[in-house]
Amino acid sequence: MKNALYVVATPIGNLADISLRALDVLRGVDLVACEDTRHARHLLDHHGIRVQTLAVHQHNENEAANKLIAILAEGKSIALISDAGTPAISDPGARTVAAVRAAGFPVIPLPGASAAIAALSAAGMTEDRFLFVGFLPSKSSARRAAIKELAAISAVLVIYEAPHRVLETVADLAEVLEPQREIVIAREVTKLFEQIERLLLPDASAWLTADPNRQRGEFVLLVSGAVTSEKSEIDLQTERMLTILLAELPLKQAAKLTAEITGQPKNALYQRALALKDQAL
């Protein structure tokens with residue numbers, strides 16, 4: 001092994017979701033720096049790896065980074081892991097990496113599992129860009145202010161959330177953002193009770209409360225981006241079809257069916273359907 005810090009992505013649920021290269025590195029290094037030694041031991045024991053561990057978490061990261069630099073100065077190699085996924089992505093690790101790089105030692109990334117990327121790959125959202133938001137503020141007032149700052153961004157918003165706050169966060173998203181936006185609720189990604197549900201943002205709270213089990217686990221919330229004026233343009237023929245369907249079907253179903261027939265963006269059609277309904281009143 002090189003005299004370096006290896007940043008190693010580990011599984012976010014299924015223990016089989018680890019690369020062969022990651023296993024080789026974990027077997028070969030002199031030390032594994034981990035968020036929780038007990039959690040890391042479960043992963044290491046599962047793969048028959050015997051190596052010393054050292055806790056590096058948000059409360060001791062600065063002090064621990066100095067210990068790691070001293071070990072690297074002895075010519076040894078270290079793997080840095082978090083409890084799940086990629087270190088330094090809404091997890092400890094960034095300060096450690098910065099300190100090691102500043103001390104002049106190489107930092108080598110080993111890509112792997114990421115809850116954000118896994119959820120995006122199964123969401124079917126067609127925006128060209130996404131913005132990784134991570135965890136929003138825990139207090140509602142600050143959370144709503146943060147959502148307002150993100151409201152005009154025309155990219156998928158990738159949000160992490162804990163089970164005890166998911167209802168509040170989804171409610172705030174629905175209150176602040178436009179009702180035509182879609183949300184993908186991905187919970188327990190790669191785990192036994194994985195669920196990935198795509199629906200309109202105003203319907204999300206009802207879906208979560210319909211079954212208490214839907215509020216359990218770790219969440220990735222994907223929110224469609226702001227609808228630009230270019231995307232919201234609808235030709236006369238499509239609008240005529242939407243108007244005819246609105247006369248026979250509920251608004252949401254009419255917009256969805258028109259999108260399937262014409263290929264027009266469902267969000268824009270939903271917004272236009274709302275306007276047509278208002279005009280008819």
# chains A, B, ... in the order shown; residues from 1 in each chain; ligands from 1
$ select_by_dssp --residues "stretch 143-178 of chain A" --states "helix (DSSP H, G or I)" --output "PyMOL selection string"
chain A and resi 143-150+166-176
$ closest_atom_pairs --of "stretch 55-161 of chain A" --to "stretch 28-38 of chain A" --cutoff "8 Å" --atoms "only C-alpha atoms" --output "CSV"
residue,atom,partner,partner_atom,distance
A:Ala55,CA,A:Cys34,CA,5.1
A:Val56,CA,A:Glu35,CA,5.1
A:His57,CA,A:Glu35,CA,4.8
A:Lys76,CA,A:Asp30,CA,6.2
A:Ser77,CA,A:Val29,CA,5.1
A:Ile78,CA,A:Leu31,CA,4.9
A:Ala79,CA,A:Val32,CA,4.7
A:Leu80,CA,A:Ala33,CA,4.7
A:Ile81,CA,A:Cys34,CA,5.0
A:Ser82,CA,A:Glu35,CA,4.9
A:Asp83,CA,A:Glu35,CA,5.8
A:Pro92,CA,A:Glu35,CA,7.1
$ write_last_selection --atoms "C-alpha atoms" --output "CSV table (one decimal), in the first residue's frame"
chain,number,residue,atom,x,y,z
A,55,ALA,CA,-12.8,6.7,15.6
A,56,VAL,CA,-13.0,9.9,13.6
A,57,HIS,CA,-16.3,11.6,14.0
A,76,LYS,CA,2.0,3.9,7.1
A,77,SER,CA,-1.3,3.8,5.1
A,78,ILE,CA,-4.8,4.6,6.3
A,79,ALA,CA,-8.3,4.0,5.0
A,80,LEU,CA,-11.0,6.6,5.9
A,81,ILE,CA,-14.6,5.3,6.0
A,82,SER,CA,-17.9,6.6,7.3
A,83,ASP,CA,-20.8,4.6,8.7
A,92,PRO,CA,-17.4,13.4,8.7
$ residues_around --residues "A:Arg214" --least-positions-apart "4" --cutoff "12 Å" --atoms "only C-alpha atoms" --output "MDAnalysis selection string"
chainID A and resid 163:164 166:167 185:188 193:197 204:210 218:219
$ atom_distance --atom1 "atom CA of A:Glu127" --atom2 "atom CA of A:Ala115"
18.4 Å
$ residues_around --residues "stretch 220-224 of chain A" --least-positions-apart "5" --cutoff "10 Å" --atoms "only C-alpha atoms" --output "number ranges by chain"
A: 115-120, 123, 125-127, 130-135, 153-162, 166, 169-170, 173, 177, 180-189, 196-201, 267
$ atom_distance --atom1 "atom CA of A:Ala152" --atom2 "atom CA of A:Asp203"
21.1 Å
$ select_by_dssp --residues "stretch 61-236 of chain A" --states "strand (DSSP E or B)" --output "ChimeraX atom specification"
/A:78-80,85,107-110,130-135,156-161,182-187,195-200,219-223
$ write_last_selection --atoms "N, CA and C atoms" --output "compact mmCIF listing (two decimals), in the first residue's frame"
# COMPACT_ATOMS: atom_id res chain seq x y z
N ILE A 78 -3.54 4.51 5.57
CA ILE A 78 -4.80 4.62 6.32
C ILE A 78 -5.97 4.62 5.35
N ALA A 79 -7.05 3.92 5.73
CA ALA A 79 -8.32 4.01 5.00
C ALA A 79 -9.29 4.82 5.85
N LEU A 80 -9.99 5.75 5.21
CA LEU A 80 -11.00 6.56 5.89
C LEU A 80 -12.38 6.11 5.40
N GLY A 85 -21.81 4.86 2.86
CA GLY A 85 -21.61 5.73 1.72
C GLY A 85 -20.22 6.31 1.65
N VAL A 107 -3.98 11.81 -1.00
CA VAL A 107 -5.33 11.36 -0.67
C VAL A 107 -5.88 10.67 -1.91
N ILE A 108 -6.26 9.40 -1.76
CA ILE A 108 -6.67 8.59 -2.91
C ILE A 108 -8.13 8.20 -2.74
N PRO A 109 -9.03 8.60 -3.67
CA PRO A 109 -10.45 8.25 -3.54
C PRO A 109 -10.77 6.89 -4.14
N LEU A 110 -11.63 6.15 -3.45
CA LEU A 110 -12.17 4.89 -3.96
C LEU A 110 -13.69 5.05 -4.07
N PHE A 130 -28.45 18.29 -11.21
CA PHE A 130 -28.99 18.15 -9.86
C PHE A 130 -28.10 18.93 -8.89
N LEU A 131 -28.71 19.36 -7.80
CA LEU A 131 -28.00 20.09 -6.75
C LEU A 131 -28.07 19.28 -5.47
N PHE A 132 -26.92 18.90 -4.95
CA PHE A 132 -26.89 18.16 -3.69
C PHE A 132 -27.04 19.15 -2.54
N VAL A 133 -28.17 19.09 -1.85
CA VAL A 133 -28.46 19.99 -0.74
C VAL A 133 -28.01 19.38 0.58
N GLY A 134 -28.12 18.05 0.70
CA GLY A 134 -27.84 17.41 1.98
C GLY A 134 -28.98 17.64 2.95
N PHE A 135 -28.67 17.79 4.22
CA PHE A 135 -29.70 18.00 5.24
C PHE A 135 -30.08 19.47 5.31
N VAL A 156 -32.75 19.30 -10.21
CA VAL A 156 -33.30 18.43 -9.18
C VAL A 156 -32.61 18.73 -7.85
N LEU A 157 -33.39 18.93 -6.81
CA LEU A 157 -32.84 19.16 -5.48
C LEU A 157 -32.72 17.82 -4.76
N VAL A 158 -31.55 17.49 -4.29
CA VAL A 158 -31.29 16.22 -3.61
C VAL A 158 -31.13 16.51 -2.12
N ILE A 159 -32.09 16.03 -1.34
CA ILE A 159 -32.16 16.35 0.08
C ILE A 159 -32.10 15.07 0.90
N TYR A 160 -31.29 15.05 1.94
CA TYR A 160 -31.28 13.95 2.90
C TYR A 160 -32.19 14.32 4.07
N GLU A 161 -32.86 13.33 4.64
CA GLU A 161 -33.68 13.62 5.81
C GLU A 161 -33.80 12.39 6.70
N GLU A 182 -42.73 17.78 -8.79
CA GLU A 182 -42.77 16.38 -8.37
C GLU A 182 -41.71 16.11 -7.31
N ILE A 183 -41.96 15.09 -6.52
CA ILE A 183 -40.99 14.65 -5.52
C ILE A 183 -40.85 13.14 -5.61
N VAL A 184 -39.64 12.67 -5.47
CA VAL A 184 -39.37 11.24 -5.33
C VAL A 184 -38.94 11.01 -3.89
N ILE A 185 -39.68 10.16 -3.21
CA ILE A 185 -39.35 9.79 -1.83
C ILE A 185 -38.66 8.43 -1.89
N ALA A 186 -37.38 8.42 -1.61
CA ALA A 186 -36.61 7.18 -1.62
C ALA A 186 -36.18 6.88 -0.18
N ARG A 187 -36.67 5.78 0.37
CA ARG A 187 -36.31 5.46 1.75
C ARG A 187 -35.68 4.07 1.80
N GLN A 195 -38.16 1.59 -0.56
CA GLN A 195 -39.30 2.13 -1.31
C GLN A 195 -38.86 3.36 -2.06
N ILE A 196 -39.29 3.47 -3.33
CA ILE A 196 -39.00 4.64 -4.14
C ILE A 196 -40.31 5.04 -4.81
N GLU A 197 -40.87 6.16 -4.36
CA GLU A 197 -42.19 6.59 -4.82
C GLU A 197 -42.09 7.98 -5.44
N ARG A 198 -42.67 8.13 -6.64
CA ARG A 198 -42.66 9.42 -7.33
C ARG A 198 -44.09 9.95 -7.40
N LEU A 199 -44.29 11.19 -6.97
CA LEU A 199 -45.63 11.76 -6.96
C LEU A 199 -45.54 13.28 -6.95
N LEU A 200 -46.68 13.93 -7.14
CA LEU A 200 -46.71 15.39 -7.06
C LEU A 200 -46.45 15.83 -5.63
N PHE A 219 -33.94 8.76 4.52
CA PHE A 219 -34.62 9.25 3.33
C PHE A 219 -33.71 10.06 2.42
N VAL A 220 -33.92 9.88 1.11
CA VAL A 220 -33.43 10.80 0.09
C VAL A 220 -34.67 11.37 -0.59
N LEU A 221 -34.80 12.69 -0.58
CA LEU A 221 -35.92 13.37 -1.23
C LEU A 221 -35.39 14.07 -2.48
N LEU A 222 -35.98 13.76 -3.62
CA LEU A 222 -35.60 14.40 -4.88
C LEU A 222 -36.76 15.26 -5.34
N VAL A 223 -36.52 16.55 -5.47
CA VAL A 223 -37.58 17.50 -5.86
C VAL A 223 -37.25 18.07 -7.23
$ closest_residue --among "A:Ala4, A:Ala70, A:Met241, A:Ile12" --to "A:Pro106" --atoms "only C-alpha atoms"
A:Ala4
$ residues_around --residues "A:Asn66" --least-positions-apart "3" --cutoff "10 Å" --atoms "only C-alpha atoms" --output "list in words"
Glu61, Asn62, Glu63, Ile69, Ala70, Ile71, Leu72, Thr96, Ala99, Val100 and Ala103 of chain A
$ atom_distance --atom1 "atom CA of A:Gly13" --atom2 "atom CA of A:His39"
11.9 Å
$ residues_around --residues "A:Ala247" --least-positions-apart "4" --cutoff "12 Å" --atoms "only C-alpha atoms" --output "PyMOL selection string"
chain A and resi 240-243+251+253-255+273+276-277+280
$ residues_around --residues "A:Lys256" --least-positions-apart "2" --cutoff "8 Å" --atoms "only C-alpha atoms" --output "ChimeraX atom specification"
/A:252-254,258-260,266,269-270
$ write_last_selection --atoms "C-alpha atoms" --output "JSON list (two decimals), in the first residue's frame"
[["chain", "number", "residue", "atom", "x", "y", "z"],
["A", 252, "LYS", "CA", -53.91, 15.35, -12.17],
["A", 253, "GLN", "CA", -55.00, 12.49, -14.43],
["A", 254, "ALA", "CA", -55.69, 14.85, -17.36],
["A", 258, "THR", "CA", -51.67, 14.60, -21.94],
["A", 259, "ALA", "CA", -47.98, 14.31, -21.06],
["A", 260, "GLU", "CA", -47.94, 10.63, -22.04],
["A", 266, "LYS", "CA", -45.97, 16.88, -16.96],
["A", 269, "LEU", "CA", -49.07, 20.65, -18.17],
["A", 270, "TYR", "CA", -50.19, 20.43, -14.55]]
$ closest_residue --among "A:Asp45, A:Asp128, A:Asp172, A:Asp91" --to "A:Arg27" --atoms "only C-alpha atoms"
A:Asp45
